[in-house]
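Visitor: Okay, so here is structure14.tsv, and as you'll see once you scroll down, it has TSV, C-alpha atoms.
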chain	number	residue	atom	x	y	z
A	1	MET	CA	-27.95	-16.38	-4.50
A	2	ASP	CA	-26.68	-16.33	-8.08
A	3	LYS	CA	-25.33	-19.71	-9.06
A	4	GLU	CA	-22.62	-17.83	-10.91
A	5	TYR	CA	-21.01	-17.01	-7.58
A	6	VAL	CA	-21.25	-20.42	-5.90
A	7	VAL	CA	-17.99	-21.16	-7.67
A	8	PHE	CA	-15.76	-18.16	-8.22
A	9	LYS	CA	-12.34	-17.44	-9.66
A	10	GLY	CA	-9.35	-16.56	-7.53
A	11	ILE	CA	-5.61	-16.89	-7.17
A	12	LEU	CA	-4.77	-19.69	-4.77
A	13	ILE	CA	-1.35	-20.21	-3.21
A	14	GLU	CA	-0.57	-23.77	-2.18
A	15	LYS	CA	2.40	-25.40	-0.49
A	16	ASP	CA	2.82	-29.15	-0.21
A	17	ASP	CA	5.18	-31.95	-1.22
A	18	ALA	CA	5.00	-30.67	-4.81
A	19	GLY	CA	6.34	-27.28	-3.75
A	20	TYR	CA	5.12	-23.68	-3.50
A	21	ARG	CA	2.87	-22.43	-6.28
A	22	ALA	CA	0.26	-19.82	-7.15
A	23	SER	CA	-2.39	-20.50	-9.76
A	24	LEU	CA	-5.71	-19.18	-10.98
A	25	GLN	CA	-8.43	-21.58	-9.90
A	26	HIS	CA	-12.16	-22.08	-9.58
A	27	ILE	CA	-12.92	-21.97	-5.84
A	28	ASP	CA	-16.02	-23.31	-4.15
A	29	GLU	CA	-17.73	-20.79	-1.88
A	30	ALA	CA	-17.77	-23.44	0.85
A	31	GLN	CA	-13.99	-23.06	1.06
A	32	LEU	CA	-14.20	-19.42	2.17
A	33	PRO	CA	-12.90	-18.81	5.71
A	34	GLU	CA	-15.08	-17.72	8.60
A	35	GLY	CA	-16.35	-14.16	8.77
A	36	ASP	CA	-19.51	-12.15	9.33
A	37	VAL	CA	-19.46	-10.27	6.01
A	38	THR	CA	-19.21	-11.74	2.52
A	39	VAL	CA	-18.06	-9.28	-0.13
A	40	ARG	CA	-18.47	-9.59	-3.88
A	41	VAL	CA	-15.10	-8.17	-4.87
A	42	SER	CA	-14.81	-5.92	-7.90
A	43	HIS	CA	-11.19	-4.76	-7.68
A	44	SER	CA	-8.02	-5.57	-5.78
A	45	THR	CA	-4.39	-4.58	-6.20
A	46	LEU	CA	-0.90	-5.96	-6.57
A	47	ASN	CA	1.37	-4.63	-3.82
A	48	TYR	CA	4.98	-5.47	-2.96
A	49	LYS	CA	3.74	-7.81	-0.22
A	50	ASP	CA	1.45	-9.54	-2.73
A	51	GLY	CA	4.44	-9.99	-5.02
A	52	LEU	CA	6.31	-11.70	-2.19
A	53	ALA	CA	3.31	-13.92	-1.45
A	54	ILE	CA	2.68	-14.98	-5.05
A	55	THR	CA	6.33	-15.72	-5.84
A	56	GLY	CA	7.22	-17.18	-2.45
A	57	LYS	CA	10.23	-14.84	-2.28
A	58	GLY	CA	9.34	-13.83	1.28
A	59	PRO	CA	7.66	-15.58	4.21
A	60	VAL	CA	4.45	-13.60	3.84
A	61	VAL	CA	1.89	-16.40	3.69
A	62	ARG	CA	1.36	-18.03	7.08
A	63	LYS	CA	-1.43	-20.50	6.23
A	64	PHE	CA	-2.11	-22.66	3.19
A	65	PRO	CA	-3.97	-22.64	0.94
A	66	MET	CA	-4.17	-18.84	0.76
A	67	VAL	CA	-5.79	-16.28	-1.51
A	68	PRO	CA	-3.36	-13.32	-1.67
A	69	GLY	CA	-4.32	-9.67	-1.91
A	70	VAL	CA	-3.96	-7.19	0.95
A	71	ASP	CA	-6.56	-4.85	-0.58
A	72	LEU	CA	-10.08	-5.19	-1.90
A	73	ALA	CA	-13.08	-3.09	-2.84
A	74	GLY	CA	-16.54	-4.38	-3.54
A	75	VAL	CA	-20.14	-4.72	-2.44
A	76	VAL	CA	-21.48	-6.52	0.62
A	77	GLU	CA	-23.38	-9.64	-0.43
A	78	THR	CA	-24.36	-11.03	2.98
A	79	SER	CA	-23.75	-9.70	6.47
A	80	SER	CA	-24.48	-10.50	10.09
A	81	HIS	CA	-22.38	-7.52	11.20
A	82	ALA	CA	-24.33	-4.60	12.68
A	83	ASP	CA	-22.59	-1.97	10.57
A	84	TYR	CA	-23.06	-3.49	7.12
A	85	ARG	CA	-25.99	-4.51	4.96
A	86	PRO	CA	-26.17	-6.13	1.51
A	87	GLY	CA	-25.43	-3.56	-1.16
A	88	ASP	CA	-23.05	-1.46	0.96
A	89	ARG	CA	-19.85	-0.41	-0.84
A	90	VAL	CA	-16.79	-1.27	1.23
A	91	LEU	CA	-13.03	-1.50	1.09
A	92	LEU	CA	-10.35	-3.22	3.11
A	93	ASN	CA	-6.61	-2.69	3.63
A	94	GLY	CA	-4.38	-4.96	5.68
A	95	TRP	CA	-5.47	-6.78	8.85
A	96	GLY	CA	-3.46	-9.79	7.70
A	97	VAL	CA	-5.64	-10.61	4.70
A	98	GLY	CA	-3.57	-12.34	2.07
A	99	GLU	CA	-1.27	-13.57	4.85
A	100	THR	CA	-3.31	-15.33	7.53
A	101	HIS	CA	-6.82	-14.81	6.11
A	102	TRP	CA	-7.94	-15.12	2.48
A	103	GLY	CA	-7.53	-11.81	0.67
A	104	GLY	CA	-8.77	-9.79	-2.25
A	105	LEU	CA	-7.34	-11.45	-5.37
A	106	ALA	CA	-10.54	-13.40	-5.93
A	107	GLN	CA	-14.12	-12.63	-6.90
A	108	LYS	CA	-15.41	-13.20	-3.35
A	109	ALA	CA	-14.10	-12.69	0.17
A	110	ARG	CA	-15.49	-13.52	3.58
A	111	LEU	CA	-14.18	-11.24	6.28
A	112	ASN	CA	-14.47	-9.86	9.78
A	113	GLY	CA	-16.70	-6.82	9.38
A	114	ASP	CA	-14.56	-4.87	11.87
A	115	TRP	CA	-11.82	-4.82	9.23
A	116	LEU	CA	-13.95	-3.05	6.63
A	117	VAL	CA	-14.44	0.66	6.09
A	118	PRO	CA	-17.15	2.26	3.97
A	119	LEU	CA	-15.97	3.17	0.49
A	120	PRO	CA	-15.84	6.99	0.42
A	121	ALA	CA	-18.43	8.45	-1.94
A	122	ALA	CA	-15.68	10.35	-3.74
A	123	PHE	CA	-14.16	7.14	-5.10
A	124	SER	CA	-15.23	4.38	-7.44
A	125	PRO	CA	-13.98	0.92	-6.43
A	126	GLN	CA	-11.35	1.16	-9.18
A	127	GLN	CA	-10.15	4.54	-7.89
A	128	ALA	CA	-10.05	3.27	-4.31
A	129	MET	CA	-7.80	0.42	-5.41
A	130	ALA	CA	-5.65	2.75	-7.51
A	131	ILE	CA	-4.97	4.32	-4.11
A	132	GLY	CA	-5.05	1.05	-2.14
A	133	THR	CA	-2.78	0.14	0.74
A	134	ALA	CA	0.06	2.07	-0.86
A	135	GLY	CA	-1.88	5.32	-1.05
A	136	TYR	CA	-3.48	4.84	2.35
A	137	THR	CA	0.02	4.23	3.78
A	138	ALA	CA	1.28	7.38	2.05
A	139	MET	CA	-1.54	9.33	3.72
A	140	LEU	CA	-0.60	7.89	7.12
A	141	CYS	CA	2.95	9.13	6.48
A	142	VAL	CA	1.71	12.62	5.60
A	143	MET	CA	-0.45	12.66	8.73
A	144	ALA	CA	2.59	11.68	10.82
A	145	LEU	CA	4.61	14.58	9.40
A	146	GLU	CA	1.76	16.96	10.16
A	147	ARG	CA	1.28	15.53	13.66
A	148	HIS	CA	4.93	16.30	14.43
A	149	GLY	CA	4.63	19.86	13.17
A	150	VAL	CA	6.22	19.61	9.71
A	151	THR	CA	4.55	22.28	7.62
A	152	PRO	CA	5.24	23.32	4.00
A	153	SER	CA	7.23	26.29	5.29
A	154	ALA	CA	9.55	23.99	7.29
A	155	GLY	CA	11.51	22.94	4.21
A	156	GLU	CA	11.91	20.16	1.68
A	157	ILE	CA	10.37	16.71	2.01
A	158	VAL	CA	12.25	13.79	0.46
A	159	VAL	CA	10.36	10.74	-0.80
A	160	THR	CA	12.33	7.55	-1.48
A	161	GLY	CA	11.21	4.71	-3.70
A	162	ALA	CA	9.48	7.55	-5.46
A	163	ALA	CA	8.26	5.72	-8.56
A	164	GLY	CA	6.58	2.94	-6.56
A	165	GLY	CA	3.03	2.95	-5.24
A	166	VAL	CA	3.62	4.62	-1.86
A	167	GLY	CA	6.10	7.09	-3.29
A	168	SER	CA	3.90	8.09	-6.20
A	169	VAL	CA	0.88	8.87	-4.02
A	170	ALA	CA	3.04	10.56	-1.37
A	171	ILE	CA	4.46	12.94	-3.97
A	172	ALA	CA	0.99	13.73	-5.32
A	173	LEU	CA	-0.37	14.37	-1.82
A	174	LEU	CA	2.54	16.42	-0.52
A	175	SER	CA	2.80	18.62	-3.60
A	176	HIS	CA	-0.96	19.23	-3.52
A	177	LEU	CA	-0.62	20.31	0.13
A	178	GLY	CA	2.07	22.84	-0.79
A	179	TYR	CA	5.29	21.04	0.18
A	180	ARG	CA	8.42	21.15	-1.95
A	181	VAL	CA	9.02	17.49	-2.71
A	182	VAL	CA	12.30	15.89	-3.75
A	183	ALA	CA	11.99	12.40	-5.27
A	184	VAL	CA	14.69	9.77	-4.85
A	185	THR	CA	14.52	6.86	-7.28
A	186	GLY	CA	16.61	4.10	-8.76
A	187	ARG	CA	14.78	4.64	-12.05
A	188	THR	CA	15.88	8.10	-13.17
A	189	GLY	CA	14.19	7.45	-16.50
A	190	ASP	CA	10.95	8.09	-14.62
A	191	ALA	CA	11.91	11.72	-13.94
A	192	ASP	CA	9.19	13.14	-16.21
A	193	TYR	CA	6.59	10.95	-14.50
A	194	LEU	CA	7.74	12.13	-11.05
A	195	HIS	CA	7.78	15.78	-12.07
A	196	GLY	CA	4.26	15.27	-13.43
A	197	LEU	CA	3.14	14.09	-9.98
A	198	GLY	CA	4.54	17.25	-8.42
A	199	ALA	CA	8.18	16.52	-7.57
A	200	ALA	CA	10.28	19.68	-7.72
A	201	GLU	CA	13.53	17.70	-8.07
A	202	VAL	CA	14.50	14.10	-8.86
A	203	LEU	CA	17.66	12.53	-7.42
A	204	ASP	CA	19.37	9.24	-8.24
A	205	ARG	CA	19.15	6.72	-5.41
A	206	ALA	CA	22.72	5.46	-5.86
A	207	PRO	CA	24.47	7.97	-3.52
A	208	PHE	CA	21.89	7.21	-0.83
A	209	ALA	CA	22.30	3.44	-1.07
A	210	VAL	CA	25.91	3.25	0.13
A	211	PRO	CA	27.36	3.73	3.63
A	212	GLY	CA	27.41	7.39	4.61
A	213	LYS	CA	28.46	9.64	7.48
A	214	PRO	CA	26.73	9.51	10.88
A	215	LEU	CA	25.68	13.11	10.27
A	216	GLY	CA	25.41	14.82	6.91
A	217	LYS	CA	24.60	18.34	5.88
A	218	GLU	CA	21.10	19.29	7.10
A	219	ARG	CA	18.63	19.35	4.24
A	220	TRP	CA	15.33	17.55	4.81
A	221	ALA	CA	12.53	18.90	6.99
A	222	GLY	CA	10.79	15.58	6.58
A	223	ALA	CA	10.88	12.32	4.69
A	224	VAL	CA	8.75	9.43	3.53
A	225	ASP	CA	10.92	6.33	3.23
A	226	VAL	CA	9.87	2.98	1.80
A	227	VAL	CA	13.37	1.59	1.24
A	228	GLY	CA	15.11	1.12	4.59
A	229	GLY	CA	18.77	0.10	4.79
A	230	HIS	CA	21.46	2.63	3.90
A	231	VAL	CA	18.89	4.85	2.19
A	232	LEU	CA	16.98	5.37	5.43
A	233	ALA	CA	20.19	5.83	7.42
A	234	ASN	CA	21.45	8.50	5.01
A	235	ILE	CA	18.09	10.28	4.97
A	236	CYS	CA	18.11	10.44	8.78
A	237	ALA	CA	21.70	11.73	8.76
A	238	ALA	CA	20.71	14.64	6.49
A	239	THR	CA	17.44	15.54	8.23
A	240	ARG	CA	17.28	19.02	9.72
A	241	TYR	CA	16.98	19.86	13.38
A	242	ARG	CA	13.72	18.42	14.74
A	243	GLY	CA	12.82	17.02	11.35
A	244	VAL	CA	10.66	13.91	10.96
A	245	VAL	CA	11.25	10.75	8.94
A	246	ALA	CA	8.21	8.52	8.34
A	247	ALA	CA	9.44	4.96	7.67
A	248	CYS	CA	6.94	2.56	6.12
A	249	GLY	CA	8.82	0.05	3.98
A	250	LEU	CA	11.77	-2.26	3.52
A	251	ALA	CA	12.13	-2.59	-0.26
A	252	GLY	CA	15.91	-2.16	0.18
A	253	GLY	CA	16.25	-4.38	3.23
A	254	MET	CA	15.32	-4.66	6.89
A	255	ASP	CA	18.65	-3.46	8.26
A	256	PHE	CA	19.17	0.07	9.57
A	257	PRO	CA	22.94	0.75	9.56
A	258	ALA	CA	22.79	4.09	11.36
A	259	THR	CA	23.97	5.81	14.55
A	260	VAL	CA	21.97	7.63	17.19
A	261	ALA	CA	23.63	10.92	16.21
A	262	PRO	CA	20.67	12.38	14.24
A	263	PHE	CA	18.31	11.59	17.10
A	264	ILE	CA	20.32	12.89	20.05
A	265	LEU	CA	22.17	15.76	18.37
A	266	ARG	CA	19.42	17.09	16.09
A	267	GLY	CA	16.28	15.80	17.77
A	268	VAL	CA	15.20	13.96	14.63
A	269	THR	CA	12.07	11.83	14.97
A	270	LEU	CA	11.88	8.46	13.24
A	271	ALA	CA	8.17	7.72	13.00
A	272	GLY	CA	7.23	4.14	12.21
A	273	ILE	CA	4.15	3.75	10.01
A	274	ASP	CA	2.17	0.52	10.20
A	275	SER	CA	-0.80	0.30	7.88
A	276	VAL	CA	-1.74	-3.33	8.58
A	277	MET	CA	-3.04	-3.10	12.15
A	278	CYS	CA	-3.69	0.65	12.19
A	279	PRO	CA	-6.69	1.49	14.43
A	280	ARG	CA	-10.01	2.04	12.70
A	281	ALA	CA	-10.35	5.72	13.65
A	282	GLU	CA	-7.05	6.54	11.99
A	283	ARG	CA	-7.97	4.50	8.92
A	284	LEU	CA	-11.21	6.42	8.54
A	285	GLU	CA	-9.35	9.71	8.90
A	286	ALA	CA	-6.75	8.66	6.32
A	287	TRP	CA	-9.45	7.81	3.78
A	288	ARG	CA	-11.32	11.04	4.58
A	289	ARG	CA	-8.13	12.98	3.91
A	290	LEU	CA	-7.44	11.06	0.70
A	291	ALA	CA	-10.88	12.05	-0.55
A	292	MET	CA	-10.09	15.67	0.26
A	293	ASP	CA	-6.36	16.03	-0.55
A	294	LEU	CA	-5.62	13.68	-3.45
A	295	ASP	CA	-6.08	15.06	-6.94
A	296	LEU	CA	-7.98	12.21	-8.61
A	297	SER	CA	-6.79	13.35	-12.04
A	298	ARG	CA	-3.35	12.03	-11.03
A	299	LEU	CA	-4.61	8.47	-10.59
A	300	GLY	CA	-4.49	7.80	-14.33
A	301	ALA	CA	-0.75	8.42	-14.33
A	302	ILE	CA	-0.14	6.60	-11.05
A	303	SER	CA	-2.03	3.39	-11.84
A	304	HIS	CA	-2.78	0.86	-14.54
A	305	GLU	CA	-5.24	-2.01	-14.56
A	306	VAL	CA	-4.77	-5.71	-15.26
A	307	GLY	CA	-7.00	-8.75	-15.15
A	308	LEU	CA	-6.88	-11.36	-12.40
A	309	GLY	CA	-5.03	-13.85	-14.59
A	310	GLU	CA	-2.26	-11.35	-15.34
A	311	ALA	CA	-1.35	-10.72	-11.70
A	312	ILE	CA	0.69	-13.90	-11.24
A	313	ALA	CA	3.07	-13.13	-14.12
A	314	LEU	CA	3.38	-9.50	-13.02
A	315	ALA	CA	4.43	-10.34	-9.43
A	316	PRO	CA	8.16	-11.04	-10.12
A	317	LYS	CA	8.39	-7.90	-12.24
A	318	LEU	CA	6.99	-5.87	-9.35
A	319	LEU	CA	9.64	-7.28	-6.99
A	320	ALA	CA	12.35	-6.49	-9.55
A	321	GLY	CA	11.35	-2.82	-9.58
A	322	GLN	CA	10.07	-3.01	-13.15
A	323	VAL	CA	6.55	-1.81	-12.36
A	324	ARG	CA	5.80	1.87	-11.94
A	325	GLY	CA	3.10	3.20	-9.64
A	326	ARG	CA	0.03	1.20	-8.69
A	327	VAL	CA	-1.37	-1.99	-10.20
A	328	VAL	CA	-5.16	-2.32	-9.99
A	329	VAL	CA	-6.56	-5.81	-10.53
A	330	ASP	CA	-10.04	-6.21	-11.99
A	331	VAL	CA	-10.89	-9.58	-10.48
A	332	ASN	CA	-13.76	-10.09	-12.91
A	333	ARG	CA	-11.50	-9.75	-15.94
A	334	VAL	CA	-9.43	-12.88	-16.30
Please go through the file and, once you have read it, give me the structure as structure tokens.
Guide:
Amino acid sequence: MDKEYVVFKGILIEKDDAGYRASLQHIDEAQLPEGDVTVRVSHSTLNYKDGLAITGKGPVVRKFPMVPGVDLAGVVETSSHADYRPGDRVLLNGWGVGETHWGGLAQKARLNGDWLVPLPAAFSPQQAMAIGTAGYTAMLCVMALERHGVTPSAGEIVVTGAAGGVGSVAIALLSHLGYRVVAVTGRTGDADYLHGLGAAEVLDRAPFAVPGKPLGKERWAGAVDVVGGHVLANICAATRYRGVVAACGLAGGMDFPATVAPFILRGVTLAGIDSVMCPRAERLEAWRRLAMDLDLSRLGAISHEVGLGEAIALAPKLLAGQVRGRVVVDVNRV
């Protein structure tokens, strides 16, 4: 084993009498948690949940110390798992890594091999992380719309939180599949960016973020919502008969100040999307579809790359809505 990797660099979150803090540290490989696959990580990401973990603004981290990072891509270094051998390219999304098990914002990770999926041949590790949990979640949302019969001919699809990671990939996917996509964002200065991803129209979030009527004028055949709160309630109220709303986030809050009217009078379906514990078969299908349905030329606009040492300072900006699209972290660039 290369001595270079006996001690590796990573972000470590600690909580003790001195307080809650995240710092870039040298970590001894002996500190890695249990697992049957050790991965030499090349890239990770900075997601909203990672921002909460690094800043301590939300109760994301359940054990200390903790390496954050809900995503990772890299190469298997050692394995006692039947499905993986040294040299295999793999990726991981969710499963509680970065919360209860050390995650991807470090140069090495030791994991349960059942959590891994093979890195699709269509993607480099950097591209896979430009997609990451956000893009994989967006694909799960698209699959939910399709599963409930929402086709491009059914009508408009609204995407909230449109300039964020999930929203950006959702717009790119849906427009590529032939849907007319309407983007809702609190950052209307990003209109050109959203149109470039395929949005046919861009709407200001403000009217959606205040209390509305139990039922509004029918407009949306489907929706991808990452905001929650009044935004989700108003989207449901304006969804057409038998339309489908895929809810996957809570950037605007956990509350849902709505009535049952859209569900019992219009037959609207509210489909919950969980990417963390999603069964393996559905994960594999989501990544297969991403390789087929995502225009990789859009990834340059959707993502930008930072080094491992820059992730800590970027976390509060991400939570404040000051970061557009996806943040890829090159863990070997400090």
Visitor: To one decimal place, how far is atom CA of Asp274 of chain A from atom CA of Glu99 of chain A in Å?
Guide: 15.5 Å
Visitor: Go through A:Thr269, A:Val166, A:Leu116, A:Ala209 one by one, measure the shortest atom-to-atom distance of each to Pro257 of chain A using only C-alpha atoms, and give the residue with the smallest value.
Guide: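 Smallest separation from Pro257 of chain A among the options: A:Ala209.
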Visitor: Taking (-4.1, -7.5, 7.0) in the coordinates of the supplied file, I want to know which residues reach to within 12 Å of it, counting only C-alpha atoms; could you give the answer as a PyMOL selection string?
Guide: chain A and resi 49-50+60-62+68-72+92-104+111-112+114-116+133+274-279
Visitor: Here is a test: counting only C-alpha atoms, which residue of A:Ala237, A:Val327, A:Val117, A:Ala128 is nearest to Pro262 of chain A?
Guide: A:Ala237
Visitor: Have a look at A:Leu177, A:Ile171, A:Ile264, A:Val159 and name the one nearest to Val226 of chain A; count only C-alpha atoms.
Guide: A:Val159
Visitor: Please rebuild segment 45-56 of chain A with all heavy atoms and return the result as a PDB file, in the coordinates of the input.
Guide:
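Heads up, here's the output in result-v2.pdb:
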ATOM      1  N   THR A  45      -5.630  -5.220  -5.771  1.00  0.00           N
ATOM      2  CA  THR A  45      -4.390  -4.580  -6.200  1.00  0.00           C
ATOM      3  C   THR A  45      -3.264  -5.599  -6.174  1.00  0.00           C
ATOM      4  O   THR A  45      -3.407  -6.718  -5.682  1.00  0.00           O
ATOM      5  CB  THR A  45      -4.005  -3.424  -5.256  1.00  0.00           C
ATOM      6  OG1 THR A  45      -3.753  -3.958  -3.956  1.00  0.00           O
ATOM      7  CG2 THR A  45      -5.081  -2.378  -5.159  1.00  0.00           C
ATOM      8  N   LEU A  46      -2.125  -5.179  -6.689  1.00  0.00           N
ATOM      9  CA  LEU A  46      -0.900  -5.960  -6.570  1.00  0.00           C
ATOM     10  C   LEU A  46       0.127  -5.078  -5.891  1.00  0.00           C
ATOM     11  O   LEU A  46       0.636  -4.129  -6.483  1.00  0.00           O
ATOM     12  CB  LEU A  46      -0.411  -6.428  -7.935  1.00  0.00           C
ATOM     13  CG  LEU A  46       0.692  -7.490  -7.925  1.00  0.00           C
ATOM     14  CD1 LEU A  46       0.175  -8.807  -7.365  1.00  0.00           C
ATOM     15  CD2 LEU A  46       1.253  -7.704  -9.321  1.00  0.00           C
ATOM     16  N   ASN A  47       0.402  -5.377  -4.611  1.00  0.00           N
ATOM     17  CA  ASN A  47       1.370  -4.630  -3.820  1.00  0.00           C
ATOM     18  C   ASN A  47       2.669  -5.424  -3.712  1.00  0.00           C
ATOM     19  O   ASN A  47       2.738  -6.597  -4.082  1.00  0.00           O
ATOM     20  CB  ASN A  47       0.825  -4.377  -2.415  1.00  0.00           C
ATOM     21  CG  ASN A  47      -0.359  -3.439  -2.423  1.00  0.00           C
ATOM     22  OD1 ASN A  47      -0.200  -2.237  -2.526  1.00  0.00           O
ATOM     23  ND2 ASN A  47      -1.569  -3.985  -2.324  1.00  0.00           N
ATOM     24  N   TYR A  48       3.695  -4.790  -3.152  1.00  0.00           N
ATOM     25  CA  TYR A  48       4.980  -5.470  -2.960  1.00  0.00           C
ATOM     26  C   TYR A  48       4.785  -6.738  -2.123  1.00  0.00           C
ATOM     27  O   TYR A  48       5.336  -7.801  -2.444  1.00  0.00           O
ATOM     28  CB  TYR A  48       5.961  -4.517  -2.276  1.00  0.00           C
ATOM     29  CG  TYR A  48       7.387  -5.014  -2.257  1.00  0.00           C
ATOM     30  CD1 TYR A  48       8.225  -4.814  -3.350  1.00  0.00           C
ATOM     31  CD2 TYR A  48       7.909  -5.670  -1.145  1.00  0.00           C
ATOM     32  CE1 TYR A  48       9.537  -5.259  -3.344  1.00  0.00           C
ATOM     33  CE2 TYR A  48       9.213  -6.128  -1.131  1.00  0.00           C
ATOM     34  CZ  TYR A  48      10.027  -5.912  -2.224  1.00  0.00           C
ATOM     35  OH  TYR A  48      11.324  -6.370  -2.213  1.00  0.00           O
ATOM     36  N   LYS A  49       3.974  -6.640  -1.070  1.00  0.00           N
ATOM     37  CA  LYS A  49       3.740  -7.810  -0.220  1.00  0.00           C
ATOM     38  C   LYS A  49       3.033  -8.914  -0.994  1.00  0.00           C
ATOM     39  O   LYS A  49       3.313 -10.107  -0.796  1.00  0.00           O
ATOM     40  CB  LYS A  49       2.919  -7.401   1.009  1.00  0.00           C
ATOM     41  CG  LYS A  49       2.739  -8.523   2.030  1.00  0.00           C
ATOM     42  CD  LYS A  49       1.957  -8.041   3.239  1.00  0.00           C
ATOM     43  CE  LYS A  49       2.782  -7.158   4.146  1.00  0.00           C
ATOM     44  NZ  LYS A  49       2.058  -6.816   5.400  1.00  0.00           N
ATOM     45  N   ASP A  50       2.112  -8.540  -1.899  1.00  0.00           N
ATOM     46  CA  ASP A  50       1.450  -9.540  -2.730  1.00  0.00           C
ATOM     47  C   ASP A  50       2.444 -10.208  -3.667  1.00  0.00           C
ATOM     48  O   ASP A  50       2.349 -11.409  -3.940  1.00  0.00           O
ATOM     49  CB  ASP A  50       0.324  -8.899  -3.535  1.00  0.00           C
ATOM     50  CG  ASP A  50      -0.721  -8.233  -2.658  1.00  0.00           C
ATOM     51  OD1 ASP A  50      -1.080  -8.812  -1.617  1.00  0.00           O
ATOM     52  OD2 ASP A  50      -1.156  -7.122  -2.998  1.00  0.00           O
ATOM     53  N   GLY A  51       3.399  -9.418  -4.177  1.00  0.00           N
ATOM     54  CA  GLY A  51       4.440  -9.990  -5.020  1.00  0.00           C
ATOM     55  C   GLY A  51       5.249 -11.038  -4.279  1.00  0.00           C
ATOM     56  O   GLY A  51       5.562 -12.111  -4.812  1.00  0.00           O
ATOM     57  N   LEU A  52       5.588 -10.733  -3.026  1.00  0.00           N
ATOM     58  CA  LEU A  52       6.310 -11.700  -2.190  1.00  0.00           C
ATOM     59  C   LEU A  52       5.479 -12.953  -1.971  1.00  0.00           C
ATOM     60  O   LEU A  52       6.000 -14.082  -2.012  1.00  0.00           O
ATOM     61  CB  LEU A  52       6.681 -11.066  -0.851  1.00  0.00           C
ATOM     62  CG  LEU A  52       7.720  -9.945  -0.866  1.00  0.00           C
ATOM     63  CD1 LEU A  52       7.840  -9.323   0.520  1.00  0.00           C
ATOM     64  CD2 LEU A  52       9.083 -10.455  -1.330  1.00  0.00           C
ATOM     65  N   ALA A  53       4.187 -12.775  -1.721  1.00  0.00           N
ATOM     66  CA  ALA A  53       3.310 -13.920  -1.450  1.00  0.00           C
ATOM     67  C   ALA A  53       3.169 -14.806  -2.681  1.00  0.00           C
ATOM     68  O   ALA A  53       3.284 -16.037  -2.598  1.00  0.00           O
ATOM     69  CB  ALA A  53       1.942 -13.420  -0.994  1.00  0.00           C
ATOM     70  N   ILE A  54       2.930 -14.204  -3.829  1.00  0.00           N
ATOM     71  CA  ILE A  54       2.680 -14.980  -5.050  1.00  0.00           C
ATOM     72  C   ILE A  54       3.934 -15.729  -5.490  1.00  0.00           C
ATOM     73  O   ILE A  54       3.872 -16.892  -5.909  1.00  0.00           O
ATOM     74  CB  ILE A  54       2.153 -14.061  -6.165  1.00  0.00           C
ATOM     75  CG1 ILE A  54       0.712 -13.619  -5.827  1.00  0.00           C
ATOM     76  CG2 ILE A  54       2.188 -14.750  -7.522  1.00  0.00           C
ATOM     77  CD1 ILE A  54       0.180 -12.530  -6.729  1.00  0.00           C
ATOM     78  N   THR A  55       5.083 -15.081  -5.391  1.00  0.00           N
ATOM     79  CA  THR A  55       6.330 -15.720  -5.840  1.00  0.00           C
ATOM     80  C   THR A  55       6.950 -16.621  -4.788  1.00  0.00           C
ATOM     81  O   THR A  55       7.790 -17.465  -5.116  1.00  0.00           O
ATOM     82  CB  THR A  55       7.375 -14.657  -6.222  1.00  0.00           C
ATOM     83  OG1 THR A  55       7.679 -13.863  -5.049  1.00  0.00           O
ATOM     84  CG2 THR A  55       6.860 -13.737  -7.333  1.00  0.00           C
ATOM     85  N   GLY A  56       6.580 -16.433  -3.524  1.00  0.00           N
ATOM     86  CA  GLY A  56       7.220 -17.180  -2.450  1.00  0.00           C
ATOM     87  C   GLY A  56       8.580 -16.646  -2.084  1.00  0.00           C
ATOM     88  O   GLY A  56       9.346 -17.300  -1.366  1.00  0.00           O
TER      89      GLY A  56
END
